[in-house]
Amino acid sequence: MPSAVDIAARLMADDLFRLNVVSQNLANAGTAGYKRELVATRPFVEYLQAGMPVAGAAPWLPIALPSATGVVDHRQGTLMRTGNPLDLAIEGDGFFELAAGTGTVYTRQGSFRLDGQGRLVSPAGLPVMGMSGELLLAGAQPQIDAQGRVSEGGRQVGQIKVVRFARPAGLVPLGAGLYRAGAAGESAADTAQLRQAFLESSNVAALPEMVRMIELVRRFEAAQKIVQNYDGMLGGAIRTLGEF
């Protein structure tokens with residue numbers, strides 16, 4: 001069975017992980033399209049049930065304590081008008097598809113621009129994919145409707161590809177607002193609509209995150225005191241035994 005120091009050490013490690021998650025969320029509270037990360041742990045009931053003895057065996061508890069893991073919250077953020085015709089926001093479920101050197105990646109961050117070749121690209125220069133491949137534009141003032149159809153001078157020149165995932169939890173975060181499909185299960189986003197000259201804001205609520213950070217710091221300090229007190233008790237016991 002874990003000792004008090006083992007339990008306190010695991011609590012401190014988990015709290016450090018949680019603090020990193022909260023810090024990342026706060027740092028990206030103003031980043032367009034950012035999705036906050038939540039911390040999840042295995043239900044304690046399941047943890048106990050895993051240690052239930054089989055018939056004829058002695059009861060025991062698992063030595064390893066439940067650890068925290070990160071889970072992305074894919075709920076939509078508020079849409080903000082920017083006035084930039086190349087800014088796009090997705091209203092509903094869906095992701096923009098980008099072509100990267102390592103394969104296809106996905107994002108909700110629609111702050112696009114034109115590169116030197118006239119391609120619609122992400123801030124990092126990754127081409128935005130249309131239904132028929134890369135999107136080439138003659139200028140930075142296209143008209144884009146809710147279905148993603150891109151027109152210039154009254155003529156349709158392409159359609160932005162938007163995909164949804166049956167299991168968003170299966171998306172693999174790559175950083176910088178990018179995801180790999182993983183086991184998410186890609187399909188067409190027929191219910192999503194695009195909003196031109198809008199960006200989706202982060203879904204981070206700064207005030208609750210700051211409150212959570214204060215709670216975590218105080219809990220970390222409490223666990224730290226447990227370790228310090230236990231160390232003091234152990235040192236006193238050793239000194240007492242040394243007097244005999």
# chains A, B, ... in the order shown; residues from 1 in each chain; ligands from 1

call {"tool": "residues_around", "arguments": {"residues": "A:Asp15", "least_positions_apart": "2", "cutoff": "9 Å", "atoms": "only C-alpha atoms", "output": "PyMOL selection string"}}
result
chain A and resi 10-13+17-20+68+216-217+219-220

call {"tool": "write_last_selection", "arguments": {"atoms": "N, CA and C atoms", "output": "tab-separated table (two decimals), in the first residue's frame"}}
result
chain	number	residue	atom	x	y	z
A	10	ARG	N	2.70	11.83	-5.43
A	10	ARG	CA	1.86	11.70	-6.62
A	10	ARG	C	0.91	12.89	-6.75
A	11	LEU	N	0.36	13.35	-5.62
A	11	LEU	CA	-0.51	14.52	-5.66
A	11	LEU	C	0.24	15.75	-6.19
A	12	MET	N	1.47	15.90	-5.74
A	12	MET	CA	2.27	17.03	-6.20
A	12	MET	C	2.57	16.93	-7.69
A	13	ALA	N	2.88	15.71	-8.17
A	13	ALA	CA	3.15	15.51	-9.59
A	13	ALA	C	1.90	15.81	-10.43
A	17	PHE	N	1.18	18.84	-13.21
A	17	PHE	CA	0.60	18.60	-14.54
A	17	PHE	C	-0.61	19.52	-14.75
A	18	ARG	N	-1.47	19.60	-13.75
A	18	ARG	CA	-2.66	20.45	-13.86
A	18	ARG	C	-2.28	21.92	-13.99
A	19	LEU	N	-1.25	22.34	-13.25
A	19	LEU	CA	-0.79	23.73	-13.35
A	19	LEU	C	-0.28	24.04	-14.75
A	20	ASN	N	0.42	23.08	-15.36
A	20	ASN	CA	0.90	23.28	-16.73
A	20	ASN	C	-0.27	23.43	-17.69
A	68	ALA	N	-3.42	11.87	-13.73
A	68	ALA	CA	-4.22	12.78	-14.53
A	68	ALA	C	-3.76	12.75	-15.99
A	216	LEU	N	-4.88	25.13	-7.14
A	216	LEU	CA	-3.83	24.13	-7.35
A	216	LEU	C	-2.56	24.49	-6.59
A	217	VAL	N	-2.21	25.78	-6.60
A	217	VAL	CA	-1.00	26.21	-5.87
A	217	VAL	C	-1.16	25.92	-4.38
A	219	ARG	N	-3.10	23.67	-2.98
A	219	ARG	CA	-3.10	22.22	-2.73
A	219	ARG	C	-1.70	21.65	-2.85
A	220	PHE	N	-0.92	22.18	-3.78
A	220	PHE	CA	0.47	21.74	-3.92
A	220	PHE	C	1.25	22.07	-2.65

call {"tool": "residues_around", "arguments": {"residues": "A:Gly154", "least_positions_apart": "3", "cutoff": "10 Å", "atoms": "only C-alpha atoms", "output": "VMD selection string"}}
result
chain A and resid 142 to 143 150 to 151 157

call {"tool": "write_last_selection", "arguments": {"atoms": "C-alpha atoms", "output": "tab-separated table (two decimals), in the first residue's frame"}}
result
chain	number	residue	atom	x	y	z
A	142	PRO	CA	-12.80	36.96	-52.46
A	143	GLN	CA	-16.45	36.31	-51.63
A	150	VAL	CA	-15.14	30.91	-53.08
A	151	SER	CA	-15.94	33.42	-55.82
A	157	VAL	CA	-13.01	29.48	-58.23

call {"tool": "select_by_dssp", "arguments": {"residues": "stretch 122-239 of chain A", "states": "strand (DSSP E or B)", "output": "ChimeraX atom specification"}}
result
/A:127-130,133-134,136,143-144,149-152,155-160,162-165,172-175,178-180,186-188,193-196,198-200

call {"tool": "residues_around", "arguments": {"residues": "A:Pro168", "least_positions_apart": "3", "cutoff": "9 Å", "atoms": "only C-alpha atoms", "output": "VMD selection string"}}
result
chain A and resid 72 74 164 to 165 171 181 183 to 185

call {"tool": "residues_around", "arguments": {"residues": "stretch 106-119 of chain A", "least_positions_apart": "5", "cutoff": "10 Å", "atoms": "only C-alpha atoms", "output": "PyMOL selection string"}}
result
chain A and resi 31-35+74+76+82+84-90+93-100+124-129+134-140+162-164+171-174+176-181+194-202

call {"tool": "closest_residue", "arguments": {"among": "A:Val211, A:Ile238, A:Ala222, A:Ile144", "to": "A:Gln193", "atoms": "only C-alpha atoms"}}
result
A:Ile144

call {"tool": "closest_residue", "arguments": {"among": "A:Gln224, A:Ser122, A:Asn203, A:Thr191", "to": "A:Gly92", "atoms": "only C-alpha atoms"}}
result
A:Thr191

call {"tool": "closest_residue", "arguments": {"among": "A:Lys161, A:Arg149, A:Arg218, A:Arg155", "to": "A:Leu16", "atoms": "only C-alpha atoms"}}
result
A:Arg218

call {"tool": "select_by_dssp", "arguments": {"residues": "stretch 22-155 of chain A", "states": "alpha helix (DSSP H)", "output": "list of chain:residue names"}}
result
A:Val22, A:Ser23, A:Gln24, A:Asn25, A:Leu26, A:Ala27, A:Phe44, A:Val45, A:Glu46, A:Tyr47, A:Leu48, A:Gln49

call {"tool": "write_last_selection", "arguments": {"atoms": "C-alpha atoms", "output": "compact mmCIF listing (two decimals), in the first residue's frame"}}
result
# COMPACT_ATOMS: atom_id res chain seq x y z
CA VAL A 22 -4.05 25.78 -16.71
CA SER A 23 -0.99 27.89 -17.61
CA GLN A 24 -1.24 26.77 -21.24
CA ASN A 25 -4.94 27.67 -21.29
CA LEU A 26 -4.34 31.11 -19.80
CA ALA A 27 -1.46 31.79 -22.19
CA PHE A 44 -11.75 6.26 -8.09
CA VAL A 45 -14.41 3.53 -8.03
CA GLU A 46 -12.81 1.89 -11.06
CA TYR A 47 -9.42 2.20 -9.37
CA LEU A 48 -10.72 0.34 -6.32
CA GLN A 49 -12.53 -2.26 -8.39
